[in-house]
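> This one is final_4.txt, compact mmCIF, C-alpha atoms and all ligand atoms.
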# COMPACT_ATOMS: atom_id res chain seq x y z
CA MET V 12 88.90 88.04 71.40
CA SER V 13 88.84 90.41 74.34
CA ILE V 14 91.97 89.69 76.42
CA THR V 15 95.35 91.08 75.39
CA ILE V 16 98.54 90.67 77.38
CA THR V 17 102.00 92.04 76.73
CA ALA V 18 105.24 90.09 76.57
CA PHE V 19 108.84 90.75 75.62
CA GLU V 20 109.42 91.05 71.92
CA ARG V 21 112.51 89.02 72.70
CA SER V 22 112.86 87.63 76.19
CA PRO V 23 116.30 87.87 77.81
CA ASP V 24 115.87 84.24 78.93
CA GLY V 25 115.54 83.11 75.32
CA GLY V 26 112.20 81.41 75.98
CA SER V 27 112.99 79.50 79.20
CA GLY V 28 109.61 80.62 80.49
CA LEU V 29 110.95 82.84 83.27
CA ALA V 30 109.50 86.10 81.97
CA ARG V 31 106.36 86.84 83.90
CA ASP V 32 104.01 86.70 80.96
CA THR V 33 104.34 82.90 81.30
CA ARG V 34 102.47 82.83 84.62
CA VAL V 35 99.69 84.96 83.13
CA ARG V 36 99.50 82.73 80.06
CA TRP V 37 99.38 79.72 82.39
CA ALA V 38 96.49 81.17 84.38
CA LEU V 39 94.60 81.96 81.17
CA GLU V 40 95.20 78.43 79.91
CA GLU V 41 94.00 76.92 83.21
CA ALA V 42 90.90 79.11 82.94
CA GLY V 43 90.35 78.15 79.30
CA GLN V 44 90.44 81.78 78.16
CA PRO V 45 91.75 82.69 74.72
CA TYR V 46 94.05 85.68 74.61
CA GLU V 47 96.16 87.76 72.31
CA VAL V 48 99.72 88.88 72.92
CA ARG V 49 101.20 92.25 72.03
CA LEU V 50 104.98 92.04 71.92
CA VAL V 51 106.93 95.03 73.18
CA SER V 52 110.58 95.93 72.82
CA PHE V 53 112.64 97.18 75.76
CA ARG V 54 112.50 100.66 74.23
CA ALA V 55 108.73 100.61 73.69
CA MET V 56 108.24 99.50 77.31
CA LYS V 57 109.60 102.84 78.50
CA GLU V 58 107.55 104.97 76.09
CA PRO V 59 104.36 106.83 77.01
CA ALA V 60 101.93 104.39 75.35
CA HIS V 61 103.17 101.48 77.43
CA LEU V 62 103.78 103.57 80.56
CA ALA V 63 100.09 104.48 80.47
CA LEU V 64 99.38 100.76 80.97
CA HIS V 65 102.29 99.98 83.25
CA PRO V 66 103.71 102.79 85.37
CA PHE V 67 107.02 100.96 85.82
CA GLY V 68 107.50 100.22 82.13
CA GLN V 69 107.47 96.45 82.41
CA ILE V 70 105.62 93.38 81.18
CA PRO V 71 103.18 91.77 81.63
CA THR V 72 100.08 93.90 81.28
CA TYR V 73 96.51 92.74 80.80
CA GLU V 74 93.74 94.47 78.89
CA GLU V 75 90.14 93.35 78.76
CA ARG V 76 87.57 95.78 77.41
CA ASP V 77 87.79 98.86 79.63
CA LEU V 78 90.08 97.23 82.22
CA ALA V 79 93.88 97.53 82.16
CA LEU V 80 96.02 95.78 84.79
CA PHE V 81 99.69 95.36 85.56
CA GLU V 82 101.54 93.18 88.14
CA SER V 83 101.46 89.49 87.37
CA GLY V 84 100.01 88.61 90.78
CA ALA V 85 97.08 91.02 90.38
CA ILE V 86 96.47 89.74 86.87
CA VAL V 87 96.48 86.09 87.97
CA LEU V 88 94.14 86.97 90.84
CA HIS V 89 91.78 88.74 88.45
CA ILE V 90 91.70 85.74 86.13
CA ALA V 91 91.22 83.36 89.08
CA GLU V 92 88.36 85.41 90.48
CA HIS V 93 86.48 85.53 87.20
CA HIS V 94 86.89 81.96 85.98
CA ALA V 95 86.61 78.53 87.53
CA GLY V 96 89.56 76.32 88.30
CA LEU V 97 92.09 78.50 90.11
CA LEU V 98 90.44 79.34 93.43
CA PRO V 99 88.28 77.16 95.69
CA LYS V 100 84.63 78.11 96.17
CA ASP V 101 84.72 77.77 99.97
CA ALA V 102 85.47 81.23 101.40
CA ASN V 103 88.14 80.14 103.87
CA ALA V 104 89.89 77.85 101.39
CA ARG V 105 89.80 80.70 98.88
CA ALA V 106 91.39 83.09 101.38
CA ARG V 107 94.11 80.53 102.10
CA ALA V 108 94.83 80.06 98.38
CA ILE V 109 95.16 83.84 98.00
CA THR V 110 97.48 83.82 101.01
CA TRP V 111 99.73 81.38 99.11
CA MET V 112 99.70 83.73 96.12
CA PHE V 113 101.04 86.51 98.32
CA ALA V 114 103.50 84.14 100.00
CA ALA V 115 104.87 83.17 96.60
CA LEU V 116 105.35 86.77 95.49
CA ASN V 117 106.23 88.49 98.76
CA THR V 118 108.09 85.87 100.76
CA VAL V 119 109.56 83.28 98.41
CA GLU V 120 110.24 85.22 95.22
CA PRO V 121 112.37 88.06 96.72
CA PRO V 122 115.32 85.91 97.90
CA ILE V 123 115.17 83.94 94.64
CA LEU V 124 115.34 87.16 92.62
CA GLU V 125 118.18 88.36 94.83
CA LEU V 126 120.10 85.20 93.99
CA ALA V 127 119.45 85.69 90.27
CA THR V 128 120.71 89.28 90.55
CA ALA V 129 123.78 88.20 92.53
CA ARG V 130 124.64 85.59 89.91
CA LEU V 131 123.80 87.43 86.72
CA LEU V 132 124.59 91.05 87.46
CA GLU V 133 127.10 91.00 90.32
CA GLY V 134 129.22 87.96 89.46
CA ASP V 135 132.12 90.16 88.36
CA LYS V 136 132.24 92.26 91.55
CA PRO V 137 135.19 91.69 93.87
CA TRP V 138 132.85 90.88 96.79
CA SER V 139 130.63 88.53 94.82
CA LYS V 140 132.32 85.28 95.94
CA GLU V 141 131.85 86.21 99.59
CA ARG V 142 128.27 87.38 99.21
CA LEU V 143 126.89 84.57 97.05
CA PRO V 144 126.85 81.87 99.77
CA LEU V 145 124.91 84.23 102.04
CA VAL V 146 122.32 84.87 99.37
CA GLU V 147 122.07 81.14 98.60
CA ASP V 148 121.54 80.36 102.26
CA ARG V 149 118.68 82.85 102.44
CA VAL V 150 117.03 80.99 99.58
CA ARG V 151 117.67 77.67 101.33
CA ALA V 152 116.09 78.96 104.53
CA ARG V 153 112.86 79.73 102.67
CA LEU V 154 112.89 76.47 100.74
CA GLU V 155 113.43 74.50 103.93
CA GLN V 156 110.30 76.06 105.42
CA LEU V 157 108.26 75.63 102.27
CA SER V 158 109.40 72.04 101.91
CA ALA V 159 108.39 71.30 105.52
CA ARG V 160 104.94 72.77 104.92
CA LEU V 161 104.35 70.97 101.62
CA GLY V 162 105.46 67.62 103.05
CA ASP V 163 104.26 64.84 100.77
CA ALA V 164 101.17 66.70 99.54
CA ASP V 165 100.71 67.34 95.84
CA TRP V 166 99.74 71.01 96.29
CA LEU V 167 100.03 73.58 99.06
CA ASP V 168 96.46 73.49 100.32
CA GLY V 169 94.17 70.87 98.84
CA ALA V 170 93.51 71.10 95.12
CA PHE V 171 95.78 72.97 92.69
CA SER V 172 95.13 76.71 92.95
CA ALA V 173 96.45 80.08 91.81
CA GLY V 174 98.67 79.87 94.91
CA ASP V 175 100.40 76.83 93.45
CA LEU V 176 100.54 78.43 90.02
CA LEU V 177 102.49 81.38 91.41
CA MET V 178 104.61 79.31 93.79
CA VAL V 179 105.69 76.93 91.01
CA SER V 180 106.33 79.94 88.77
CA VAL V 181 108.70 81.55 91.26
CA LEU V 182 110.48 78.27 92.07
CA LEU V 183 111.09 77.58 88.39
CA ARG V 184 113.76 80.29 88.40
CA LEU V 185 115.85 78.02 90.65
CA LYS V 186 115.77 75.00 88.39
CA SER V 187 119.11 75.66 86.73
CA SER V 188 120.86 76.44 90.05
CA GLY V 189 120.60 72.92 91.48
CA ILE V 190 119.33 74.31 94.80
CA LEU V 191 115.80 73.08 94.14
CA ASP V 192 117.06 69.51 93.90
CA GLU V 193 118.24 69.72 97.51
CA TYR V 194 114.52 69.58 98.37
CA PRO V 195 113.14 66.58 96.48
CA ASN V 196 109.52 67.28 97.42
CA LEU V 197 109.82 70.83 96.02
CA ALA V 198 111.50 69.59 92.86
CA ALA V 199 108.64 67.09 92.43
CA TYR V 200 106.11 69.86 93.15
CA VAL V 201 107.57 72.03 90.42
CA ALA V 202 107.63 69.07 88.04
CA ARG V 203 103.92 68.47 88.78
CA GLY V 204 103.21 72.08 87.86
CA GLU V 205 105.22 71.81 84.65
CA ALA V 206 103.37 68.62 83.74
CA ARG V 207 100.00 70.34 83.72
CA PRO V 208 98.67 70.63 80.16
CA ALA V 209 97.87 74.31 80.73
CA TYR V 210 101.46 75.04 81.76
CA LYS V 211 102.76 73.16 78.74
CA ARG V 212 100.60 75.23 76.41
CA ALA V 213 101.71 78.46 78.09
CA PHE V 214 105.37 77.48 77.92
CA ALA V 215 105.11 76.44 74.28
CA ALA V 216 103.40 79.69 73.32
CA GLN V 217 106.11 81.90 74.81
CA LEU V 218 108.84 79.65 73.42
CA ALA V 219 107.36 79.89 69.93
CA ILE V 220 107.75 83.66 70.06
CA ASN V 221 111.29 83.59 71.35
CA SER V 222 112.61 80.80 69.19
CA ALA V 223 111.19 82.47 66.10
CA LYS V 224 113.42 85.50 66.66
CA PRO V 225 117.01 85.82 65.53
CA LEU V 226 119.42 86.55 68.36
CA SER V 227 120.67 89.77 66.83
CA GLY V 228 119.14 92.56 64.84
N1 LIG V 301 106.29 92.69 90.05
C1 LIG V 301 106.15 92.72 88.62
C2 LIG V 301 107.52 92.54 88.00
C3 LIG V 301 107.47 92.75 86.50
C4 LIG V 301 108.83 92.53 85.89
O1 LIG V 301 109.88 92.56 86.56
N2 LIG V 301 108.83 92.36 84.57
C5 LIG V 301 110.07 92.13 83.86
C6 LIG V 301 109.91 90.91 82.95
S1 LIG V 301 109.61 89.45 83.84
C7 LIG V 301 110.35 93.33 82.97
O2 LIG V 301 109.48 93.86 82.33
N3 LIG V 301 111.63 93.73 82.90
C8 LIG V 301 112.06 94.80 82.07
C9 LIG V 301 112.31 96.06 82.83
O3 LIG V 301 112.09 96.10 84.05
O4 LIG V 301 112.75 97.01 82.19
C10 LIG V 301 105.18 91.61 88.17
O5 LIG V 301 105.09 90.59 88.88
O6 LIG V 301 104.52 91.76 87.14
Starting from the file, lay out its structure as structure tokens.


Amino acid sequence: MSITITAFERSPDGGSGLARDTRVRWALEEAGQPYEVRLVSFRAMKEPAHLALHPFGQIPTYEERDLALFESGAIVLHIAEHHAGLLPKDANARARAITWMFAALNTVEPPILELATARLLEGDKPWSKERLPLVEDRVRARLEQLSARLGDADWLDGAFSAGDLLMVSVLLRLKSSGILDEYPNLAAYVARGEARPAYKRAFAAQLAINSAKPLSG
């Protein structure tokens, strides 16, 4: 087997599928590519061996023969470019699908991550109660626009693509907040992504790792 990715030895989300190895696993499953996973601890992520693969000491990474990549978006793009099923053949449609990949990571994910940070890491700050509604409204503004563009289509631009894979992946982080349900077409879009057999296999694989680990020690 020639593809190896890295994932958390124990994911902070306990296997909810929010760690970014899940999107890479999903892309590999959609592409029908077998892969191996090397689990790394938080400490190992910051050590020279891992830093040589990932300059920021994070997961996921991707190794295939003499190629080493980091950044989940670049990894998914690499997989999509080398295997059928994640990018259209038509050049313009392909460029538009790649545009959605960037939109997911550069335009939609940042406010969603900001909300996660505000909730998880800043909830105990004295200004948190005042700030949170502002951050939530920034997320809503993006979702409103995305919802309007998606309309009643199944996917963002024709057939399912790597753009949808990344967009669904970033929206999944909102599932527990209830905000996604304010946009029924987006909630249904995410559910369509989760229903894909390849997503289910990816989710199950990361859950198996995390549920097999004791919570302490
Ligand atoms: N932009 C990067 C973000 C990578 C990232 O934030 N990885 C997280 C896990 S999902 C991580 O390794 N966190 C541990 C750390 O930053 O120390 C990507 O999309 O791959």

> Using only C-alpha atoms - which residues lie no farther than 9 Å from the point (101.7, 86.8, 73.4) in the file's frame? Write them as a PyMOL selection string.

chain V and resi 15-20+32+36+46-50+216-217+220

> Write out as an MDAnalysis selection string which residues come within 12 Å of Leu185 (chain V) when counting only C-alpha atoms, dropping same-chain ones fewer than 3 positions away.

chainID V and resid 27 29 119:120 122:127 130 147 150:151 154 178:182 188:194 197:198 201

> So that I can check the surroundings of Pro66 (chain V), please list as a PyMOL selection string every protein, DNA and RNA residue that reaches within 12 Å of it, counting only C-alpha atoms and ignoring chain neighbours fewer than 3 positions away.

chain V and resi 56-63+69-72+79-82

> Might you pull out every residue within 10 Å of Arg105 (chain V), with all atoms listed in the file counted and same-chain residues fewer than 3 positions away left off, and present them as a PyMOL selection string?

chain V and resi 92+97-102+108-111+168+172-174

> So, with all atoms listed in the file as the atoms that count, which of V:Leu88, V:Ala152, V:Ile14, V:Ala219 lies closest to ligand LIG 301 (chain V)?

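For ligand LIG 301 (chain V), the nearest of the candidates is V:Leu88.
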
> Figure out the distance between atom N3 of ligand LIG 301 (chain V) and CA of Gly84 (chain V), please, to one decimal in Å.

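If I compute the distance from CA of Gly84 (chain V) to atom N3 of ligand LIG 301 (chain V), I get 14.9 Å.
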
> With a distance cut-off of 10 Å and all atoms listed in the file, select the neighbouring residues of Ala215 (chain V), excluding the residue or stretch itself and same-chain residues fewer than 3 positions from it, and output the selection as a ChimeraX atom specification.

/V:26-28,33,209-212,218-221

> Which distance in Å separates atom C1 of ligand LIG 301 (chain V) and CA of Arg21 (chain V), to one decimal?

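For atom C1 of ligand LIG 301 (chain V) relative to CA of Arg21 (chain V), the distance reads 17.5 Å.
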
> Padding 5 Å on each side, edges along x, y and z: where is the centre of the box around the listed atoms of ligand LIG 301 (chain V), and how long are its edges in Å to one decimal? Output it as JSON.


{"center_x": 108.6, "center_y": 93.2, "center_z": 86.1, "size_x": 18.2, "size_y": 17.6, "size_z": 18.0}

> Between atom C7 of ligand LIG 301 (chain V) and CA of Glu141 (chain V), measure the distance and give it in Å to one decimal.

28.1 Å

> Between V:Pro45, V:Gly162, V:Gly25, V:Gly68, which one has atoms that come closest to Ser13 (chain V), using only C-alpha atoms?

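Using only C-alpha atoms, Ser13 (chain V) sits closest to V:Pro45.
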
> When distances are computed from only C-alpha atoms and all ligand atoms, which of V:Pro144, V:Pro121, V:Gly134, V:Gly169 shows the smallest separation from ligand LIG 301 (chain V)?

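Closest residue, counting only C-alpha atoms and all ligand atoms: V:Pro121.
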
> When you count only C-alpha atoms, which of these residues is closest to His89 (chain V): V:Phe113, V:Phe67, V:Phe171, V:Tyr73?

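Closest residue, counting only C-alpha atoms: V:Tyr73.
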
> With only C-alpha atoms as the atoms that count, which of V:Ala213, V:Ala202, V:Leu161, V:Trp166 lies nearest to Glu41 (chain V)?

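Between V:Ala213, V:Ala202, V:Leu161, V:Trp166, the residue approaching Glu41 (chain V) most closely is V:Ala213.
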